Amino acid sequence: MARTIQRWAAVLALGACLITWQAAPASAAPPLKDITSRYVGSAVPATALANEADYRTTLTREFDSVTPENEMKWASLEPNRGQYNWSAADSIVNYARQNGKSVRGHTLVWHNQYPGWLNNLSAGELRAAVQQHITTVMTRYQGKIRAWDVVNEVFNEDGTLRDSIFRQKLGDGYIADAFRWAKQADPGAKLYINDYNVEWQGAKSNAMYELVKSLRQQGVPVEGAGFQTHLSTQYGFPGGFQANLQRFADLGVDVAITEADVRIQLPADAAKLSKQADYFDQAWDACQAVGRCVEFTTWGFTDRHSWVPGTFPGEGAACLFDESLKPKPAYTRINP
Ligand code: G3I
C-alpha cells in the first residue's frame, strides 16, 4: 500500500512539473512592444519575412511596427518609368495588417536608391515625376501606413542642404512641395523629415530644427522628425539626445527613433556588448522621457540581417538579437 501511494505521489509530482514547464513562457521578459506605450518597430526585408519562420515568429512576438527596409524605395517600386513592382512592399503591408502591426513608410524622396531614369528628365518632368510618385505610392497604401518618411537625408553634415538631383533641378522648394503633395495623397498619415547624425545638437540637427520650424511657420504639413540613430560604440553616445528630441517636440511635431542600431568593431566581446547595451538603453530612455516620442524602431532586429557589415567592413553585431535570434545584453538591458 505504502509503495502504491509513493508511486502515485511520484506520478503526481512529475505531472505537476510537466504542467509548470509547459506553462512557463519562452522568456521571462514580456515582449518589447508590451513594455512601452510607444510603437516598437524594426526594419524588415521582405525576403526574410517570407522565407524564415523563426525570423517571422520573433518579429511578430516582439514588435508592433514594421518599416520596409528597401521595398518602398523609388528604385524598388518603379525601376522603369511607369512599371511598378508592388509585390515586395505589398507583402510587408499585408503581413502587418494580418498581424495587427503598424507600418512606417520609407521613403518617398531620397537621393539614394532612386531609379536611373530620373537622371534623364528635365526640371519640369522631374517635378511632375516626384508629384506623381508621391501620389501613386501614398494613394495605394492610403490608410494602411501610420507615418511616412517623406524626405530622407536632405542635409549635409555642416547643415547645408544636400545637393541632390532634386535640389539641383527643383531648388530648395522641393521639400515643401513634397510635404504638400503627400498631405493631399494621404491626409491621415503622419509626415516626417528623417535623417542621421542629428541625434546630438550640432550644425546638422540645428539646420533640421530651423527647417522644421520655418516650414511649419509657412503652413507646410511637416508633422514629425525622425532620428535614424545609427550609432557606433567607437564614438561617444550622442550628448543631449533627450533634450534634442524635446526641442523638436516643442515645435509641435512628433519625434521618432526610426533606424536605431549600435555597431561594434568585430569581434564582439562582453565589454563591447555591454557598451552597446548601454547605448541602446540610453536611446530607449531618451524616447521614453519625451512625451511626443512616439516610436522606437531599430534598423533590423537580428545580426542575421543587418546593413552594417556590408557598409562598414570589420564592424557589425549591431542589433538587439544575435544571428540565432537569441536576445543580446542590449535587449536584456532594455527589457530586464
Ligand atoms: O537587390 C540587389 C540584388 O539584386 C543584388 O544582387 C545585390 C548585390 O549587391 O544588391 C541588392 O541590392 C542591395 C539592397 O540593399 C538590397 O539588399 C544594394 O546593393 C544595397 O546597397 C542596399 O543597401 C541598403 C541601403 O539602405 C542603400 O543605401 C540597405 O539594405 C538598407 O538597410 C539601407 O537603409 C538605409 C535607409 O534606407 C536610410 N538610412 C540609412 C540606412 C542604412 O544605410
# chains A, B, ... in the order shown; residues from 1 in each chain; ligands from 1
call {"tool": "closest_atom_pairs", "arguments": {"of": "range 248-287 of chain A", "to": "range 323-333 of chain A", "cutoff": "8 Å", "atoms": "only C-alpha atoms", "output": "CSV"}}
result
residue,atom,partner,partner_atom,distance
A:Leu273,CA,A:Pro329,CA,6.5
A:Ser274,CA,A:Pro329,CA,6.5
A:Gln276,CA,A:Ala330,CA,6.3
A:Ala277,CA,A:Ala330,CA,3.6
A:Asp278,CA,A:Ala330,CA,7.1
A:Phe280,CA,A:Ala330,CA,6.2
A:Asp281,CA,A:Arg333,CA,6.4
call {"tool": "write_last_selection", "arguments": {"atoms": "N, CA, C and O atoms", "output": "PDB file, in the first residue's frame"}}
result
ATOM      1  N   LEU A 273      29.750  44.397 -25.977  1.00  0.00           N
ATOM      2  CA  LEU A 273      28.300  44.158 -25.937  1.00  0.00           C
ATOM      3  C   LEU A 273      27.650  44.920 -24.783  1.00  0.00           C
ATOM      4  O   LEU A 273      26.508  45.379 -24.889  1.00  0.00           O
ATOM      5  N   SER A 274      28.393  45.091 -23.716  1.00  0.00           N
ATOM      6  CA  SER A 274      27.866  45.844 -22.584  1.00  0.00           C
ATOM      7  C   SER A 274      27.770  47.339 -22.932  1.00  0.00           C
ATOM      8  O   SER A 274      26.794  48.023 -22.605  1.00  0.00           O
ATOM      9  N   GLN A 276      27.410  48.472 -25.947  1.00  0.00           N
ATOM     10  CA  GLN A 276      26.285  48.539 -26.886  1.00  0.00           C
ATOM     11  C   GLN A 276      24.949  48.563 -26.128  1.00  0.00           C
ATOM     12  O   GLN A 276      24.036  49.334 -26.471  1.00  0.00           O
ATOM     13  N   ALA A 277      24.855  47.742 -25.110  1.00  0.00           N
ATOM     14  CA  ALA A 277      23.629  47.702 -24.302  1.00  0.00           C
ATOM     15  C   ALA A 277      23.359  49.063 -23.677  1.00  0.00           C
ATOM     16  O   ALA A 277      22.221  49.550 -23.656  1.00  0.00           O
ATOM     17  N   ASP A 278      24.412  49.681 -23.218  1.00  0.00           N
ATOM     18  CA  ASP A 278      24.293  50.999 -22.595  1.00  0.00           C
ATOM     19  C   ASP A 278      23.752  52.026 -23.609  1.00  0.00           C
ATOM     20  O   ASP A 278      22.871  52.826 -23.304  1.00  0.00           O
ATOM     21  N   PHE A 280      22.013  51.432 -26.461  1.00  0.00           N
ATOM     22  CA  PHE A 280      20.607  51.145 -26.800  1.00  0.00           C
ATOM     23  C   PHE A 280      19.693  51.623 -25.667  1.00  0.00           C
ATOM     24  O   PHE A 280      18.638  52.215 -25.907  1.00  0.00           O
ATOM     25  N   ASP A 281      20.119  51.350 -24.445  1.00  0.00           N
ATOM     26  CA  ASP A 281      19.282  51.696 -23.299  1.00  0.00           C
ATOM     27  C   ASP A 281      19.122  53.206 -23.168  1.00  0.00           C
ATOM     28  O   ASP A 281      18.025  53.711 -22.883  1.00  0.00           O
TER      29      ASP A 281
END
call {"tool": "residues_near_ligand", "arguments": {"ligand": "ligand 1", "cutoff": "10 Å", "atoms": "only C-alpha atoms and all ligand atoms", "output": "CSV table (one decimal) with N, CA and C atoms, in the first residue's frame"}}
result
chain,number,residue,atom,x,y,z
A,43,ALA,N,13.1,47.6,-39.0
A,43,ALA,CA,13.1,47.4,-40.5
A,43,ALA,C,13.1,46.0,-40.8
A,44,VAL,N,12.4,45.7,-42.0
A,44,VAL,CA,12.1,44.3,-42.3
A,44,VAL,C,12.4,44.1,-43.8
A,45,PRO,N,13.3,43.2,-44.2
A,45,PRO,CA,13.4,42.8,-45.6
A,45,PRO,C,12.3,41.8,-45.9
A,47,THR,N,12.2,39.4,-48.0
A,47,THR,CA,12.7,38.0,-48.2
A,47,THR,C,12.8,37.3,-46.9
A,67,THR,N,9.0,48.6,-40.8
A,67,THR,CA,9.4,49.6,-41.8
A,67,THR,C,10.0,48.7,-42.9
A,68,PRO,N,9.5,48.7,-44.1
A,68,PRO,CA,10.1,48.0,-45.2
A,68,PRO,C,11.6,48.6,-45.4
A,69,GLU,N,12.5,47.7,-45.4
A,69,GLU,CA,13.9,48.1,-45.4
A,69,GLU,C,14.3,48.8,-46.7
A,70,ASN,N,13.9,48.2,-47.8
A,70,ASN,CA,14.2,48.7,-49.1
A,70,ASN,C,13.0,48.7,-50.1
A,71,GLU,N,12.0,48.0,-49.7
A,71,GLU,CA,10.9,47.7,-50.7
A,71,GLU,C,10.0,48.8,-51.1
A,72,MET,N,10.1,49.9,-50.4
A,72,MET,CA,9.2,51.1,-50.8
A,72,MET,C,10.1,52.2,-51.3
A,73,LYS,N,11.3,52.0,-51.5
A,73,LYS,CA,12.2,53.0,-52.1
A,73,LYS,C,11.8,53.1,-53.6
A,76,SER,N,13.0,50.5,-56.0
A,76,SER,CA,12.4,49.2,-55.9
A,76,SER,C,11.0,49.2,-56.5
A,106,HIS,N,8.8,54.1,-45.9
A,106,HIS,CA,10.2,54.5,-46.1
A,106,HIS,C,10.6,54.3,-47.5
A,107,THR,N,10.9,55.2,-48.3
A,107,THR,CA,10.9,56.6,-48.1
A,107,THR,C,10.5,57.2,-49.5
A,110,TRP,N,14.4,60.6,-51.8
A,110,TRP,CA,15.8,60.3,-51.2
A,110,TRP,C,16.8,60.4,-52.3
A,111,HIS,N,18.0,60.9,-52.0
A,111,HIS,CA,19.0,61.0,-53.0
A,111,HIS,C,19.6,59.6,-53.4
A,112,ASN,N,19.2,58.6,-52.6
A,112,ASN,CA,19.8,57.2,-52.8
A,112,ASN,C,18.7,56.3,-53.3
A,113,GLN,N,19.1,55.2,-54.0
A,113,GLN,CA,18.1,54.2,-54.4
A,113,GLN,C,16.9,54.8,-55.1
A,114,TYR,N,17.2,55.8,-56.0
A,114,TYR,CA,16.1,56.3,-56.9
A,114,TYR,C,16.4,55.7,-58.3
A,149,ASP,N,8.2,58.6,-44.1
A,149,ASP,CA,9.4,59.4,-44.3
A,149,ASP,C,9.3,60.1,-45.6
A,152,ASN,N,14.1,62.2,-47.0
A,152,ASN,CA,15.1,61.5,-46.2
A,152,ASN,C,16.5,62.1,-46.5
A,153,GLU,N,17.2,62.4,-45.4
A,153,GLU,CA,18.6,62.8,-45.5
A,153,GLU,C,18.9,64.0,-46.4
A,194,ASN,N,13.4,62.9,-42.1
A,194,ASN,CA,14.2,61.9,-41.4
A,194,ASN,C,15.6,62.0,-41.7
A,195,ASP,N,16.5,61.8,-40.8
A,195,ASP,CA,18.0,62.0,-41.1
A,195,ASP,C,18.8,61.3,-40.0
A,196,TYR,N,20.1,61.1,-40.4
A,196,TYR,CA,21.1,60.5,-39.5
A,196,TYR,C,22.1,61.6,-39.0
A,227,PHE,N,14.8,60.5,-36.2
A,227,PHE,CA,16.2,60.5,-35.8
A,227,PHE,C,16.6,59.0,-36.1
A,228,GLN,N,17.4,58.8,-37.1
A,228,GLN,CA,17.8,57.5,-37.5
A,228,GLN,C,18.5,56.7,-36.4
A,229,THR,N,19.5,57.4,-35.8
A,229,THR,CA,20.2,56.8,-34.6
A,229,THR,C,21.0,55.6,-35.0
A,230,HIS,N,21.8,55.7,-36.0
A,230,HIS,CA,22.8,54.7,-36.4
A,230,HIS,C,24.1,55.1,-35.5
A,258,THR,N,14.0,56.1,-35.6
A,258,THR,CA,13.5,55.4,-36.8
A,258,THR,C,14.4,54.3,-37.3
A,259,GLU,N,15.7,54.3,-37.0
A,259,GLU,CA,16.6,53.3,-37.6
A,259,GLU,C,17.7,52.8,-36.6
A,260,ALA,N,17.3,52.7,-35.3
A,260,ALA,CA,18.4,52.5,-34.3
A,260,ALA,C,19.2,51.2,-34.6
A,261,ASP,N,20.5,51.4,-34.5
A,261,ASP,CA,21.4,50.2,-34.3
A,261,ASP,C,22.7,50.8,-33.7
A,299,TRP,N,17.0,49.3,-36.9
A,299,TRP,CA,17.2,49.0,-38.4
A,299,TRP,C,17.6,47.6,-38.5
A,300,GLY,N,16.5,46.7,-38.4
A,300,GLY,CA,16.8,45.3,-38.3
A,300,GLY,C,16.8,44.9,-36.8
A,305,HIS,N,20.5,39.8,-40.3
A,305,HIS,CA,20.1,40.6,-41.4
A,305,HIS,C,20.4,42.1,-41.0
A,306,SER,N,21.5,42.6,-41.3
A,306,SER,CA,21.8,44.0,-41.0
A,306,SER,C,22.7,44.6,-42.1
A,307,TRP,N,22.4,45.8,-42.4
A,307,TRP,CA,23.2,46.5,-43.4
A,307,TRP,C,24.6,46.8,-43.0
A,308,VAL,N,24.9,46.7,-41.7
A,308,VAL,CA,26.2,47.2,-41.2
A,308,VAL,C,27.4,46.6,-41.8
A,310,GLY,N,28.0,45.1,-44.5
A,310,GLY,CA,28.2,45.4,-45.9
A,310,GLY,C,28.7,46.8,-46.2
A,311,THR,N,28.4,47.7,-45.2
A,311,THR,CA,28.8,49.1,-45.4
A,311,THR,C,30.1,49.5,-44.6
call {"tool": "select_by_dssp", "arguments": {"residues": "range 282-336 of chain A", "states": "strand (DSSP E)", "output": "count of residues only"}}
result
8
call {"tool": "closest_residue", "arguments": {"among": "A:Ser205, A:Asn120, A:Ala128, A:Ile264", "to": "Thr160 in chain A", "atoms": "only C-alpha atoms"}}
result
A:Ser205
call {"tool": "residues_around", "arguments": {"residues": "range 181-184 of chain A", "least_positions_apart": "6", "cutoff": "10 Å", "atoms": "only C-alpha atoms", "output": "list in words"}}
result
Leu108, Val130, Gln131, Gln132, His133, Ile134, Thr135, Val137, Met138, Thr139, Trp148, Val150, Lys190, Leu191, Val220, Pro221 and Val222 of chain A
call {"tool": "residues_around", "arguments": {"residues": "Arg247 in chain A", "least_positions_apart": "4", "cutoff": "10 Å", "atoms": "only C-alpha atoms", "output": "ChimeraX atom specification"}}
result
/A:201,209,242-243,251-253,255,290
